[in-house]
$ cat my_file-v9.cif   # mmCIF, C-alpha atoms and all ligand atoms
data_entry
#
loop_
_atom_site.label_atom_id
_atom_site.label_comp_id
_atom_site.auth_asym_id
_atom_site.auth_seq_id
_atom_site.Cartn_x
_atom_site.Cartn_y
_atom_site.Cartn_z
CA MET A 1468 -2.78 48.65 -40.17
CA LEU A 1469 0.59 48.54 -42.00
CA THR A 1470 3.50 50.91 -41.42
CA PHE A 1471 5.21 50.18 -44.76
CA PRO A 1472 3.85 48.89 -48.09
CA LEU A 1473 3.39 45.27 -49.05
CA SER A 1474 6.06 43.80 -51.32
CA GLY A 1475 5.12 43.17 -54.96
CA SER A 1476 4.90 39.40 -54.41
CA SER A 1477 2.75 39.76 -51.28
CA SER A 1478 0.44 42.14 -53.18
CA GLU A 1479 0.07 39.53 -55.90
CA LEU A 1480 -0.73 36.92 -53.30
CA VAL A 1481 -3.48 39.18 -51.92
CA ILE A 1482 -4.92 39.47 -55.43
CA ASP A 1483 -4.84 35.67 -55.88
CA VAL A 1484 -6.69 35.16 -52.59
CA LEU A 1485 -9.26 37.86 -53.46
CA THR A 1486 -9.79 36.33 -56.90
CA MET A 1487 -10.50 32.93 -55.38
CA VAL A 1488 -13.01 34.45 -52.97
CA LEU A 1489 -14.74 36.92 -55.26
CA THR A 1490 -14.58 35.16 -58.62
CA ASP A 1491 -14.57 31.50 -57.66
CA GLY A 1492 -16.79 31.89 -54.57
CA LYS A 1493 -14.40 30.06 -52.24
CA PRO A 1494 -14.54 30.78 -48.48
CA LEU A 1495 -11.68 32.99 -47.30
CA ASP A 1496 -10.06 30.39 -45.03
CA ARG A 1497 -9.88 27.92 -47.91
CA ALA A 1498 -8.47 30.55 -50.26
CA TYR A 1499 -5.78 31.28 -47.66
CA SER A 1500 -4.80 27.65 -47.17
CA HIS A 1501 -4.77 27.04 -50.94
CA ASN A 1502 -2.52 30.03 -51.63
CA PHE A 1503 -0.26 29.73 -48.59
CA SER A 1504 0.41 26.00 -48.61
CA GLY A 1505 3.92 25.07 -49.67
CA ARG A 1506 5.24 28.63 -49.18
CA GLN A 1507 7.59 29.37 -46.30
CA LEU A 1508 6.25 32.82 -45.49
CA PRO A 1509 7.55 34.35 -42.24
CA PRO A 1510 4.69 34.76 -39.69
CA ALA A 1511 5.00 38.57 -39.75
CA GLU A 1512 4.62 38.70 -43.55
CA LEU A 1513 1.72 36.28 -43.39
CA ALA A 1514 0.07 38.57 -40.84
CA ARG A 1515 0.56 41.59 -43.16
CA ILE A 1516 -0.98 39.72 -46.09
CA THR A 1517 -4.02 38.59 -44.09
CA THR A 1518 -4.37 42.07 -42.58
CA VAL A 1519 -4.60 43.66 -46.03
CA THR A 1520 -6.83 40.94 -47.50
CA GLY A 1521 -9.19 41.08 -44.52
CA ASP A 1522 -9.39 44.86 -44.60
CA ILE A 1523 -10.07 44.92 -48.34
CA LEU A 1524 -12.89 42.40 -47.90
CA ARG A 1525 -14.36 44.30 -44.96
CA ARG A 1526 -14.66 47.46 -47.07
CA LEU A 1527 -14.61 46.02 -50.56
CA ASN A 1528 -17.32 48.27 -52.01
CA LEU A 1529 -15.54 51.37 -50.66
CA TYR A 1530 -12.14 50.46 -52.11
CA CYS A 1531 -13.70 49.42 -55.46
CA GLU A 1532 -15.58 52.71 -55.63
CA LEU A 1533 -12.43 54.74 -54.93
CA VAL A 1534 -10.53 53.17 -57.84
CA ASP A 1535 -13.58 52.77 -60.07
CA ILE A 1536 -13.57 48.99 -60.55
CA GLN A 1537 -16.10 46.19 -60.05
CA ALA A 1538 -15.42 43.44 -57.51
CA SER A 1539 -16.04 40.90 -60.30
CA ASP A 1540 -13.03 42.34 -62.18
CA ILE A 1541 -10.59 41.61 -59.40
CA GLU A 1542 -8.43 39.19 -61.39
CA ARG A 1543 -7.76 41.82 -64.10
CA MET A 1544 -7.91 44.97 -61.99
CA GLY A 1545 -6.56 43.73 -58.66
CA SER A 1546 -3.33 45.73 -58.96
CA LYS A 1547 -5.40 48.95 -59.20
CA LEU A 1548 -7.29 47.95 -56.07
CA LEU A 1549 -4.03 47.27 -54.21
CA ASN A 1550 -2.63 50.63 -55.32
CA GLY A 1551 -5.84 52.33 -54.16
CA TRP A 1552 -5.67 50.52 -50.82
CA HIS A 1553 -2.12 51.81 -50.27
CA LEU A 1554 -3.15 55.36 -51.24
CA PHE A 1555 -6.09 55.22 -48.84
CA HIS A 1556 -3.76 54.19 -46.00
CA GLU A 1557 -1.20 56.84 -47.02
CA LEU A 1558 1.50 54.30 -47.83
CA ASP A 1559 3.94 54.23 -50.75
CA LEU A 1560 2.67 52.05 -53.60
CA PRO A 1561 3.77 48.41 -53.72
CA LYS A 1562 6.25 47.44 -56.42
CA MET A 1563 4.18 45.04 -58.52
CA GLU A 1564 5.41 43.84 -61.88
CA TYR A 1565 2.35 44.89 -63.92
CA ALA A 1566 0.31 47.44 -62.04
CA LEU A 1567 -2.58 49.58 -63.22
CA PRO A 1568 -2.19 53.18 -62.04
CA VAL A 1569 -4.76 55.15 -60.03
CA ASP A 1570 -5.63 58.69 -61.08
CA GLN A 1571 -4.86 60.57 -57.88
CA ASP A 1572 -7.20 63.56 -58.50
CA ASP A 1573 -10.06 61.24 -59.28
CA PHE A 1574 -9.21 59.21 -56.17
CA ALA A 1575 -9.21 62.34 -53.96
CA GLN A 1576 -12.61 63.41 -55.29
CA LYS A 1577 -14.14 59.95 -54.79
CA LEU A 1578 -12.66 59.80 -51.29
CA ALA A 1579 -14.32 63.11 -50.35
CA GLU A 1580 -17.67 61.81 -51.68
CA ALA A 1581 -17.33 58.47 -49.87
CA LYS A 1582 -16.87 60.26 -46.54
CA THR A 1583 -20.44 61.55 -46.89
CA LYS A 1584 -21.85 57.99 -47.31
CA PRO A 1585 -21.57 56.20 -43.95
CA ALA A 1586 -22.73 52.75 -45.12
CA LEU A 1587 -20.23 52.78 -48.00
CA TRP A 1588 -17.52 54.04 -45.66
CA ASP A 1589 -18.17 51.04 -43.39
CA GLY A 1590 -18.03 48.63 -46.33
CA CYS A 1591 -21.65 47.64 -45.93
CA PRO A 1592 -23.64 46.28 -48.87
CA GLU A 1593 -27.07 47.85 -49.34
CA TRP A 1594 -29.07 44.72 -48.46
CA LEU A 1595 -27.22 44.37 -45.17
CA ASP A 1596 -27.61 48.03 -44.32
CA ASP A 1597 -31.37 47.71 -44.86
CA ILE A 1598 -31.61 44.64 -42.59
CA GLY A 1599 -29.38 46.17 -39.91
CA ALA A 1600 -31.35 49.44 -39.84
CA ALA A 1601 -34.69 47.61 -39.72
CA GLN A 1602 -33.54 45.21 -36.98
CA LEU A 1603 -31.34 47.36 -34.77
CA GLY A 1604 -32.57 50.91 -35.43
CA GLU A 1605 -30.35 53.51 -33.78
CA LYS A 1606 -27.89 50.85 -32.54
CA TRP A 1607 -27.06 49.86 -36.13
CA PRO A 1608 -24.55 52.57 -37.22
CA ALA A 1609 -22.21 51.71 -34.30
CA GLU A 1610 -22.47 47.98 -35.08
CA ARG A 1611 -21.92 48.59 -38.78
CA ALA A 1612 -18.78 50.63 -38.04
CA ALA A 1613 -17.50 48.03 -35.54
CA LEU A 1614 -17.97 45.25 -38.12
CA ALA A 1615 -15.57 47.14 -40.44
CA MET A 1616 -12.76 46.95 -37.86
CA PRO A 1617 -10.08 44.21 -37.85
CA PRO A 1618 -10.83 41.36 -35.45
CA LYS A 1619 -8.57 40.74 -32.49
CA ARG A 1620 -6.98 37.34 -31.88
CA TYR A 1621 -8.27 35.55 -28.82
CA ILE A 1622 -7.45 32.17 -27.36
CA ARG A 1623 -9.06 30.14 -24.58
CA ALA A 1624 -6.90 28.58 -21.89
CA ASN A 1625 -7.81 24.91 -21.64
CA SER A 1626 -8.30 24.46 -17.90
CA LEU A 1627 -7.99 20.68 -18.35
CA LYS A 1628 -4.28 21.36 -18.91
CA ALA A 1629 -3.40 24.76 -17.44
CA SER A 1630 -4.78 27.91 -15.86
CA ARG A 1631 -4.86 31.13 -17.88
CA GLU A 1632 -1.85 32.43 -15.91
CA GLU A 1633 0.16 29.25 -16.55
CA LEU A 1634 -0.70 29.42 -20.24
CA LYS A 1635 0.34 33.07 -20.42
CA GLN A 1636 3.73 32.24 -18.89
CA ARG A 1637 4.22 29.29 -21.20
CA LEU A 1638 3.42 31.36 -24.26
CA THR A 1639 5.78 34.13 -23.12
CA LYS A 1640 8.56 31.52 -23.16
CA GLU A 1641 7.54 30.69 -26.75
CA LEU A 1642 7.72 34.44 -27.59
CA VAL A 1643 3.93 34.87 -27.89
CA ALA A 1644 2.77 38.06 -26.17
CA THR A 1645 -0.72 37.96 -24.63
CA ASN A 1646 -3.00 40.02 -22.37
CA GLU A 1647 -5.73 38.82 -20.05
CA VAL A 1648 -9.21 39.76 -21.24
CA GLU A 1649 -11.24 41.52 -18.59
CA GLY A 1650 -14.62 39.94 -17.94
CA VAL A 1651 -13.83 36.65 -19.72
CA GLU A 1652 -11.88 34.51 -17.29
CA SER A 1653 -10.64 31.91 -19.78
CA ALA A 1654 -9.55 34.37 -22.51
CA LEU A 1655 -6.20 35.80 -23.57
CA GLU A 1656 -5.75 38.32 -26.36
CA VAL A 1657 -2.73 37.54 -28.54
CA ARG A 1658 -0.68 40.69 -29.13
CA SER A 1659 2.11 39.35 -31.36
CA ASP A 1660 2.03 38.09 -34.96
CA SER A 1661 3.15 34.65 -33.83
CA ALA A 1662 2.41 31.41 -35.67
CA LEU A 1663 0.17 30.20 -32.84
CA PHE A 1664 -0.54 26.76 -34.24
CA LYS A 1665 3.16 25.97 -34.43
CA THR A 1666 3.72 26.49 -30.71
CA ALA A 1667 4.32 23.50 -28.44
CA ALA A 1668 1.59 24.88 -26.15
CA PHE A 1669 -0.95 24.49 -28.96
CA LYS A 1670 0.26 21.04 -30.01
CA GLU A 1671 -0.05 19.90 -26.41
CA GLY A 1672 -3.63 21.18 -26.16
CA PHE A 1673 -3.06 24.06 -23.74
CA PHE A 1674 -5.31 26.41 -25.71
CA GLU A 1675 -7.81 26.76 -28.53
CA GLN A 1676 -8.29 29.77 -30.78
CA GLN A 1677 -11.75 31.06 -29.83
CA ASP A 1678 -13.25 34.53 -29.85
CA ALA A 1679 -13.85 36.00 -26.39
CA GLY A 1680 -17.57 36.46 -27.19
CA SER A 1681 -17.84 32.78 -28.02
CA GLN A 1682 -16.19 31.99 -24.69
CA LEU A 1683 -18.96 33.94 -22.93
CA VAL A 1684 -21.57 31.74 -24.63
CA ALA A 1685 -20.02 28.46 -23.49
CA ALA A 1686 -19.45 29.91 -19.99
CA ALA A 1687 -23.22 30.58 -19.76
CA VAL A 1688 -23.91 26.85 -20.15
CA ASP A 1689 -22.42 26.53 -16.66
CA ALA A 1690 -21.98 22.76 -16.94
CA LYS A 1691 -20.84 21.00 -13.77
CA PRO A 1692 -18.76 17.83 -13.36
CA GLY A 1693 -20.98 14.74 -13.48
CA MET A 1694 -23.81 16.32 -15.50
CA ARG A 1695 -25.33 15.04 -18.74
CA VAL A 1696 -24.82 17.76 -21.33
CA VAL A 1697 -25.78 17.91 -25.00
CA ASP A 1698 -24.17 20.34 -27.45
CA ALA A 1699 -26.60 19.72 -30.29
CA CYS A 1700 -25.14 21.93 -33.07
CA ALA A 1701 -21.55 21.28 -32.09
CA GLY A 1702 -19.81 21.79 -35.44
CA ALA A 1703 -16.08 21.30 -34.99
CA GLY A 1704 -16.51 21.77 -31.26
CA GLY A 1705 -15.37 25.28 -30.34
CA LYS A 1706 -17.88 25.41 -27.52
CA THR A 1707 -17.93 21.65 -26.82
CA LEU A 1708 -14.29 21.73 -25.76
CA HIS A 1709 -14.95 24.69 -23.50
CA ILE A 1710 -17.87 22.86 -21.87
CA ALA A 1711 -15.69 19.74 -21.44
CA ALA A 1712 -13.23 21.88 -19.49
CA GLN A 1713 -16.06 23.17 -17.24
CA MET A 1714 -16.98 19.54 -16.54
CA GLN A 1715 -13.36 18.70 -15.62
CA GLY A 1716 -13.66 15.57 -17.73
CA LYS A 1717 -16.44 14.15 -15.48
CA GLY A 1718 -19.95 13.34 -16.66
CA ARG A 1719 -21.27 12.86 -20.16
CA LEU A 1720 -20.93 15.41 -22.95
CA LEU A 1721 -22.65 14.51 -26.18
CA ALA A 1722 -21.64 16.57 -29.24
CA MET A 1723 -24.07 16.31 -32.14
CA ASP A 1724 -24.28 17.75 -35.63
CA VAL A 1725 -25.68 16.91 -39.06
CA GLU A 1726 -22.21 16.96 -40.65
CA GLN A 1727 -19.93 14.02 -39.90
CA TRP A 1728 -16.74 15.75 -41.10
CA LYS A 1729 -17.20 18.44 -38.47
CA LEU A 1730 -17.62 15.81 -35.75
CA ASP A 1731 -14.46 14.09 -37.02
CA ASN A 1732 -12.58 17.38 -36.59
CA LEU A 1733 -14.09 17.72 -33.15
CA LYS A 1734 -12.82 14.28 -32.13
CA ALA A 1735 -9.25 15.17 -33.14
CA ARG A 1736 -9.45 18.46 -31.24
CA ALA A 1737 -10.90 16.72 -28.17
CA ARG A 1738 -7.99 14.27 -28.16
CA ARG A 1739 -5.48 17.11 -28.26
CA ALA A 1740 -7.34 18.97 -25.51
CA GLY A 1741 -7.50 15.89 -23.26
CA ALA A 1742 -11.31 16.15 -23.22
CA HIS A 1743 -12.03 12.47 -22.63
CA ASN A 1744 -15.72 12.71 -21.74
CA VAL A 1745 -16.80 13.92 -25.20
CA GLU A 1746 -18.85 11.54 -27.31
CA THR A 1747 -19.96 12.48 -30.84
CA ARG A 1748 -23.18 11.49 -32.55
CA ILE A 1749 -24.46 12.35 -36.02
CA ILE A 1750 -28.09 13.51 -36.18
CA ALA A 1751 -29.41 11.15 -38.82
CA SER A 1752 -33.12 11.75 -38.25
CA SER A 1753 -35.55 13.11 -35.67
CA LYS A 1754 -35.27 9.72 -33.88
CA THR A 1755 -31.75 10.63 -32.72
CA ILE A 1756 -33.28 13.49 -30.75
CA LYS A 1757 -36.39 11.63 -29.57
CA ARG A 1758 -34.26 8.93 -27.93
CA LEU A 1759 -32.74 11.58 -25.66
CA LYS A 1760 -36.08 13.00 -24.50
CA LEU A 1761 -35.95 14.55 -20.98
CA THR A 1762 -32.39 13.31 -20.31
CA ALA A 1763 -30.10 16.32 -20.27
CA ASP A 1764 -29.13 18.71 -17.47
CA ARG A 1765 -27.94 21.20 -20.09
CA VAL A 1766 -28.65 21.51 -23.79
CA LEU A 1767 -26.74 24.04 -25.88
CA LEU A 1768 -28.33 25.00 -29.19
CA ASP A 1769 -25.69 27.05 -31.00
CA VAL A 1770 -27.93 27.17 -34.04
CA PRO A 1771 -27.05 27.80 -37.69
CA CYS A 1772 -27.47 31.55 -38.21
CA SER A 1773 -26.71 34.44 -40.55
CA GLY A 1774 -23.29 34.95 -38.91
CA LEU A 1775 -23.92 38.70 -39.07
CA GLY A 1776 -22.17 39.13 -35.71
CA VAL A 1777 -18.90 37.67 -36.97
CA LEU A 1778 -18.49 39.57 -40.22
CA LYS A 1779 -15.25 41.23 -39.21
CA ARG A 1780 -13.73 37.75 -38.94
CA ASN A 1781 -15.55 36.34 -42.00
CA PRO A 1782 -15.86 39.44 -44.23
CA ASP A 1783 -16.14 37.35 -47.41
CA ALA A 1784 -19.67 36.35 -46.31
CA LYS A 1785 -20.89 39.92 -46.96
CA TRP A 1786 -20.20 39.48 -50.67
CA ARG A 1787 -21.58 35.95 -50.93
CA ASP A 1788 -24.71 36.09 -48.78
CA THR A 1789 -28.09 37.35 -49.83
CA PRO A 1790 -31.04 38.66 -47.78
CA GLU A 1791 -33.13 35.67 -48.94
CA ARG A 1792 -31.11 33.37 -46.67
CA LEU A 1793 -32.34 34.99 -43.46
CA PRO A 1794 -35.97 33.76 -43.42
CA ILE A 1795 -34.80 30.24 -44.34
CA LEU A 1796 -32.35 30.24 -41.42
CA MET A 1797 -34.99 31.61 -39.05
CA GLU A 1798 -37.32 28.75 -39.92
CA LEU A 1799 -34.53 26.24 -39.23
CA GLN A 1800 -33.73 27.93 -35.89
CA LYS A 1801 -37.39 27.74 -34.89
CA ASP A 1802 -37.57 24.03 -35.78
CA ILE A 1803 -34.35 23.21 -33.93
CA LEU A 1804 -35.49 25.07 -30.80
CA GLN A 1805 -38.85 23.34 -30.79
CA SER A 1806 -37.59 19.86 -31.52
CA TYR A 1807 -34.23 19.73 -29.67
CA SER A 1808 -35.56 21.38 -26.49
CA ARG A 1809 -37.24 18.01 -25.82
CA MET A 1810 -33.88 16.69 -24.64
CA VAL A 1811 -33.84 19.00 -21.57
CA LYS A 1812 -34.97 17.27 -18.39
CA VAL A 1813 -37.20 18.93 -15.78
CA GLY A 1814 -35.02 21.39 -13.87
CA GLY A 1815 -32.48 21.33 -16.71
CA ILE A 1816 -31.36 24.39 -18.67
CA LEU A 1817 -31.65 25.14 -22.36
CA VAL A 1818 -29.14 27.61 -23.82
CA TYR A 1819 -30.03 29.09 -27.20
CA ALA A 1820 -27.19 30.91 -28.96
CA THR A 1821 -26.31 32.55 -32.27
CA CYS A 1822 -23.40 34.49 -33.73
CA SER A 1823 -25.85 37.06 -35.00
CA ILE A 1824 -26.78 40.48 -33.65
CA MET A 1825 -30.21 40.57 -35.33
CA PRO A 1826 -33.20 40.37 -32.91
CA ASP A 1827 -35.23 38.24 -35.37
CA GLU A 1828 -32.69 35.43 -34.91
CA ASN A 1829 -32.27 36.12 -31.21
CA ARG A 1830 -34.72 37.46 -28.66
CA ASN A 1831 -37.67 37.28 -31.07
CA GLN A 1832 -37.03 33.56 -31.63
CA VAL A 1833 -36.80 33.01 -27.88
CA ASP A 1834 -40.00 34.95 -27.17
CA ALA A 1835 -41.92 32.96 -29.81
CA PHE A 1836 -40.57 29.68 -28.36
CA LEU A 1837 -41.55 30.64 -24.80
CA ALA A 1838 -45.04 31.68 -25.89
CA ALA A 1839 -45.57 28.26 -27.49
CA ASN A 1840 -43.83 26.29 -24.68
CA PRO A 1841 -45.03 27.41 -21.22
CA HIS A 1842 -43.16 24.44 -19.67
CA PHE A 1843 -39.97 26.52 -20.17
CA SER A 1844 -39.33 29.67 -18.19
CA PHE A 1845 -36.97 32.46 -19.17
CA ILE A 1846 -33.88 32.90 -16.95
CA ASP A 1847 -31.83 35.59 -18.69
CA ASP A 1848 -30.26 36.57 -21.98
CA GLU A 1849 -27.24 38.52 -23.19
CA GLU A 1850 -26.63 40.42 -26.38
CA ILE A 1851 -22.89 40.64 -27.06
CA LEU A 1852 -22.70 43.61 -29.38
CA VAL A 1853 -19.62 44.12 -31.55
CA SER A 1854 -19.35 47.83 -30.73
CA GLU A 1855 -19.44 47.28 -26.96
CA HIS A 1856 -16.62 44.82 -26.33
CA GLY A 1857 -14.67 44.55 -29.56
CA PHE A 1858 -15.49 40.81 -29.49
CA ASP A 1859 -17.48 39.11 -32.20
CA GLY A 1860 -21.24 39.60 -31.87
CA PHE A 1861 -23.20 36.83 -30.16
CA TYR A 1862 -26.51 36.27 -28.45
CA LEU A 1863 -27.42 33.77 -25.75
CA ALA A 1864 -30.59 33.05 -23.79
CA ARG A 1865 -31.07 30.64 -20.89
CA MET A 1866 -34.36 28.91 -20.17
CA GLU A 1867 -35.31 26.32 -17.55
CA ARG A 1868 -37.67 23.41 -18.14
CA VAL A 1869 -40.16 23.64 -15.28
CA SER A 1870 -42.36 20.66 -16.16
CA GLU A 1871 -42.58 17.83 -18.66
CA ALA A 1872 -45.25 19.52 -20.78
C1 LIG A 1901 -23.02 28.07 -35.45
S1 LIG A 1901 -22.49 26.53 -36.03
C2 LIG A 1901 -21.90 25.76 -34.58
C3 LIG A 1901 -20.57 26.23 -34.11
C4 LIG A 1901 -20.03 25.40 -32.97
N1 LIG A 1901 -20.98 25.24 -31.89
C5 LIG A 1901 -18.74 26.01 -32.40
O1 LIG A 1901 -18.74 26.60 -31.32
O2 LIG A 1901 -17.70 25.86 -33.08
C6 LIG A 1901 -23.98 25.69 -36.31
C7 LIG A 1901 -23.83 24.21 -36.57
O3 LIG A 1901 -25.14 23.66 -36.73
C8 LIG A 1901 -25.06 22.58 -37.62
N2 LIG A 1901 -26.42 22.27 -38.09
C9 LIG A 1901 -27.07 22.69 -39.21
N3 LIG A 1901 -28.31 22.18 -39.24
C10 LIG A 1901 -28.46 21.42 -38.12
C11 LIG A 1901 -29.51 20.63 -37.59
N4 LIG A 1901 -30.67 20.52 -38.20
N5 LIG A 1901 -29.30 20.01 -36.42
C12 LIG A 1901 -28.11 20.11 -35.77
N6 LIG A 1901 -27.08 20.85 -36.23
C13 LIG A 1901 -27.26 21.49 -37.38
C14 LIG A 1901 -24.08 23.04 -38.67
O4 LIG A 1901 -23.49 21.94 -39.33
C15 LIG A 1901 -23.08 23.84 -37.82
O5 LIG A 1901 -21.98 23.04 -37.48
#
$ encode --input "my_file-v9.cif" --output "structure tokens" --more "lines below"
Ligand SMILES: C[S@@+](CC[C@H](N)C(=O)[O-])C[C@H]1O[C@@H](n2cnc3c(N)ncnc32)[C@H](O)[C@@H]1O
Amino acid sequence: MLTFPLSGSSSELVIDVLTMVLTDGKPLDRAYSHNFSGRQLPPAELARITTVTGDILRRLNLYCELVDIQASDIERMGSKLLNGWHLFHELDLPKMEYALPVDQDDFAQKLAEAKTKPALWDGCPEWLDDIGAAQLGEKWPAERAALAMPPKRYIRANSLKASREELKQRLTKELVATNEVEGVESALEVRSDSALFKTAAFKEGFFEQQDAGSQLVAAAVDAKPGMRVVDACAGAGGKTLHIAAQMQGKGRLLAMDVEQWKLDNLKARARRAGAHNVETRIIASSKTIKRLKLTADRVLLDVPCSGLGVLKRNPDAKWRDTPERLPILMELQKDILQSYSRMVKVGGILVYATCSIMPDENRNQVDAFLAANPHFSFIDDEEILVSEHGFDGFYLARMERVSEA
């Protein structure tokens, strides 16, 4: 965490970001860009601000409890929260202009009580704790604790431009310190607080920011040069670009989504990455899928999901989401699996993936699909748990189409 307190102005910036997220309901990344744009903050200070903001959001209920405020009062009471955060981390208090004090005896008593409540200690809302316990049983407490930890920064070497070793050397010259990630051959962990997106290596497409767990998902697609591959829920293309690199620019890679603006982002990223075999297509109706029936060697379905595996990176979702969303998402996942699997040709491979750690979105969906579709056979699956690797949590399953129907 921090070794010295935030400045008064940085503390106020944290409060502004938190207010946007918790009062106005804005996603964290948008609140950051809104509050940071036009300011010339040094990268190290920016990193300290995002470290504190992220940590507060990961354990918001705990910090609010310790200083006896409601999250909805953040605009008025944010200075008290910031003071409490510094006390919790045994730092001197920040020098804010108008700051509400924290009663230290009261704080100490609440801290002792909080230590006896593991879900509160891990910053877990009650609804999520109930789902996690029901879905993961005895594995849940370790996952819950891991989701309260700060995420690491990972990048993927773009093999269309450079090997991981070449990228590492290039970044060292740009004063970015990295380590190779064991078990994920394309991944580097970034160890310095560098402004990654300002490096020449980024501008020239040598790497993409991508969690190491996400890199494992795209690696499982195992696309080969010359294949026909469909990434049917491509979004802004995190995994598409990785697949393009596997294909060495040869063959046809179709990136699809229901949101055009995401595909537009993808196109710009593909240009930077030198991924020339990527074509984008909006899914306007079920006809878009039907036309591709039995054509693809690989189909990746990185379906919309609860995102409960990536909460350490997107902690704001914990305070915006509700348990009612889960069954709606599961229905959509089931429909996408059933309908989009038609694009896989005989002998081709379907990869189903989520950034969730909940079996109902993962293995249970796959089992139900296989029971209803005997023309697909199960190859293997992998549960990337947050507590095991320190990566974000993901799930992937691979299935082969063995006959037309
Ligand atoms: C988990 S995200 C994909 C992330 C992306 N693959 C990546 O690696 O960056 C799921 C995507 O599915 C898209 N989506 C939602 N409903 C869909 C549908 N019915 N068909 C296809 N894509 C859909 C969303 O717009 C979103 O971009």
$ closest_atom_pairs --input "my_file-v9.cif" --of "range 1687-1750 of chain A" --to "range 1617-1639 of chain A" --cutoff "12 Å" --atoms "all atoms listed in the file" --output "CSV"
residue,atom,partner,partner_atom,distance
A:Gly1705,CA,A:Arg1623,CA,9.8
A:Lys1706,CA,A:Arg1623,CA,10.4
A:Thr1707,CA,A:Asn1625,CA,11.8
A:Leu1708,CA,A:Asn1625,CA,8.3
A:His1709,CA,A:Asn1625,CA,7.4
A:Ile1710,CA,A:Asn1625,CA,10.3
A:Ala1711,CA,A:Leu1627,CA,8.3
A:Ala1712,CA,A:Leu1627,CA,5.5
A:Gln1713,CA,A:Ser1626,CA,7.9
A:Met1714,CA,A:Leu1627,CA,9.2
A:Gln1715,CA,A:Leu1627,CA,6.3
A:Gly1716,CA,A:Leu1627,CA,7.7
A:Lys1717,CA,A:Leu1627,CA,11.1
A:Arg1736,CA,A:Asn1625,CA,11.7
A:Ala1737,CA,A:Asn1625,CA,10.9
A:Arg1738,CA,A:Leu1627,CA,11.7
A:Arg1739,CA,A:Lys1628,CA,10.3
A:Ala1740,CA,A:Asn1625,CA,7.1
A:Gly1741,CA,A:Leu1627,CA,6.9
A:Ala1742,CA,A:Leu1627,CA,7.4
A:His1743,CA,A:Leu1627,CA,10.1
A:Asn1744,CA,A:Leu1627,CA,11.6
$ closest_atom_pairs --input "my_file-v9.cif" --of "chain A" --to "ligand LIG 1901 (chain A)" --cutoff "9 Å" --atoms "only C-alpha atoms and all ligand atoms" --output "tab-separated table"
residue	atom	partner	partner_atom	distance
A:Gln1677	CA	A:LIG1901	O1	8.4
A:Ser1681	CA	A:LIG1901	O1	7.1
A:Gln1682	CA	A:LIG1901	O1	8.9
A:Val1684	CA	A:LIG1901	O1	8.9
A:Ala1685	CA	A:LIG1901	O1	8.1
A:Asp1698	CA	A:LIG1901	N1	7.3
A:Ala1699	CA	A:LIG1901	C12	5.7
A:Cys1700	CA	A:LIG1901	N6	3.9
A:Ala1701	CA	A:LIG1901	N1	4.0
A:Gly1702	CA	A:LIG1901	O5	3.2
A:Ala1703	CA	A:LIG1901	O2	5.2
A:Gly1704	CA	A:LIG1901	O2	4.6
A:Gly1705	CA	A:LIG1901	O2	3.6
A:Lys1706	CA	A:LIG1901	O1	4.1
A:Thr1707	CA	A:LIG1901	O1	6.7
A:Leu1708	CA	A:LIG1901	O1	8.6
A:His1709	CA	A:LIG1901	O1	8.9
A:Met1723	CA	A:LIG1901	C12	6.6
A:Asp1724	CA	A:LIG1901	N6	4.2
A:Val1725	CA	A:LIG1901	N6	5.0
A:Glu1726	CA	A:LIG1901	O4	5.3
A:Gln1727	CA	A:LIG1901	O4	8.7
A:Lys1729	CA	A:LIG1901	O5	6.7
A:Leu1730	CA	A:LIG1901	O5	8.6
A:Leu1733	CA	A:LIG1901	O2	8.9
A:Ile1749	CA	A:LIG1901	C12	8.6
A:Ile1750	CA	A:LIG1901	C12	6.6
A:Leu1767	CA	A:LIG1901	N1	8.4
A:Leu1768	CA	A:LIG1901	N1	7.8
A:Asp1769	CA	A:LIG1901	N1	5.1
A:Val1770	CA	A:LIG1901	C6	4.8
A:Pro1771	CA	A:LIG1901	C6	4.0
A:Cys1772	CA	A:LIG1901	C1	6.3
A:Ser1773	CA	A:LIG1901	C1	9.0
A:Gly1774	CA	A:LIG1901	C1	7.7
A:Leu1799	CA	A:LIG1901	N4	7.0
A:Gln1800	CA	A:LIG1901	N4	8.3
A:Asp1802	CA	A:LIG1901	N4	8.1
A:Ile1803	CA	A:LIG1901	N4	6.2
A:Tyr1807	CA	A:LIG1901	N5	8.4
A:Ala1820	CA	A:LIG1901	C1	8.2
A:Thr1821	CA	A:LIG1901	C1	6.4
A:Cys1822	CA	A:LIG1901	C1	6.7
$ closest_residue --input "my_file-v9.cif" --among "A:Ala1784, A:Leu1642, A:Leu1775, A:Leu1761" --to "Gly1521 in chain A" --atoms "all atoms listed in the file"
A:Ala1784
$ residues_around --input "my_file-v9.cif" --residues "Gly1545 in chain A" --least-positions-apart "2" --cutoff "10 Å" --atoms "only C-alpha atoms" --output "list of chain:residue names"
A:Ser1478, A:Glu1479, A:Val1481, A:Ile1482, A:Asp1483, A:Leu1485, A:Thr1486, A:Cys1531, A:Ile1536, A:Gln1537, A:Ala1538, A:Asp1540, A:Ile1541, A:Glu1542, A:Arg1543, A:Lys1547, A:Leu1548, A:Leu1549, A:Asn1550, A:Gly1551, A:Ala1566, A:Leu1567
$ residues_around --input "my_file-v9.cif" --residues "Phe1845 in chain A" --least-positions-apart "4" --cutoff "8 Å" --atoms "only C-alpha atoms" --output "list of chain:residue names"
A:Leu1837, A:Ala1864, A:Arg1865, A:Met1866, A:Glu1867
$ decode --input "my_file-v9.cif" --residues "range 1567-1571 of chain A" --atoms "C-alpha atoms" --output "tab-separated table (two decimals), in the first residue's frame"
chain	number	residue	atom	x	y	z
A	1567	LEU	CA	-13.96	15.68	9.56
A	1568	PRO	CA	-12.10	14.04	12.46
A	1569	VAL	CA	-12.33	10.37	13.45
A	1570	ASP	CA	-12.81	9.45	17.11
A	1571	GLN	CA	-9.81	7.20	17.65
